[in-house]
Amino acid sequence: MSCGKLGGRARYRRMSKSYVQEALRSSRVQLALNVSNIDEAVAFYTRLFGAEPAKLRPGYANFVITEPPLKLVLLENPGHGGSLSHLGVEVPDIDTVDAEQTRLAETGLASVDERATTCCYARQDKFWVQGPPDGESWEIYTVLAGSQTFHDEDHDGPGCCGADGPSSEGPAASAAKCC
């Protein structure tokens, strides 16, 4: 896996503070929830936020909410509904992913890269923050393109959403294993 940290640090130093602040203002928090029934959850969150899902696949939905800025991801995982899958911050581009990784490294937080990976029906560049005090999973990512598959079919690294590998139980089960 290519980590891209040296290139990211060089770009980060060249970027102005105002560019980084503006990029972060256009970011949004991601909240990924396990749900028992995807259809019931989609109906509820459609009413709650007054918005239709931006992406809807078997066992998976995501909402892009403008106000408050939120990416809500629903992962069908019967028996684990109402629990947290993982958290994230979606940023607008690869430069912002690199800048955030560099900024966090400068504060002493380690990270694990996943570049050009497919997860949650999207091709992404991301990293996972290591060491949260209560073990929750945080990712910082940008979406490069959509995907017809939940994860890479030939992926030999960590599974989608930080799991140990793809699950034969389906997309939501693979994602749910990360938490």
# chains A, B, ... in the order shown; residues from 1 in each chain; ligands from 1
>>> residues_around(residues="Thr149 (chain A)", least_positions_apart="5", cutoff="10 Å", atoms="only C-alpha atoms", output="ChimeraX atom specification")
/A:57,118-123,171
>>> select_by_dssp(residues="region 45-166 of chain A", states="strand (DSSP E)", output="VMD selection string")
chain A and resid 55 to 57 60 to 65 70 to 76 84 to 90 111 to 119 122 to 129 138 to 146
>>> atom_distance(atom1="CA of Val129 (chain A)", atom2="CA of Ile94 (chain A)")
16.2 Å
>>> residues_around(residues="region 140-146 of chain A", least_positions_apart="5", cutoff="9 Å", atoms="only C-alpha atoms", output="ChimeraX atom specification")
/A:87-94,96-97,100-101,116,118,121-129
>>> residues_around(residues="Gln130 (chain A)", least_positions_apart="4", cutoff="10 Å", atoms="only C-alpha atoms", output="PyMOL selection string")
chain A and resi 109-112+135-139
>>> closest_residue(among="A:Ser83, A:Thr66, A:Ser36, A:Thr117", to="Phe49 (chain A)", atoms="only C-alpha atoms")
A:Thr66
>>> atom_distance(atom1="CA of Pro68 (chain A)", atom2="CA of Pro133 (chain A)")
26.3 Å
>>> atom_distance(atom1="CA of Ala54 (chain A)", atom2="CA of Val42 (chain A)")
11.0 Å
>>> closest_residue(among="A:Ala99, A:Ala51, A:Ile65, A:Leu72", to="Gln30 (chain A)", atoms="only C-alpha atoms")
A:Leu72
>>> closest_residue(among="A:Gly82, A:Gly50, A:Asp113, A:Glu40", to="Phe63 (chain A)", atoms="only C-alpha atoms")
A:Gly50
>>> closest_residue(among="A:Val64, A:Leu70, A:Leu104, A:Leu56", to="Phe150 (chain A)", atoms="only C-alpha atoms")
A:Leu56
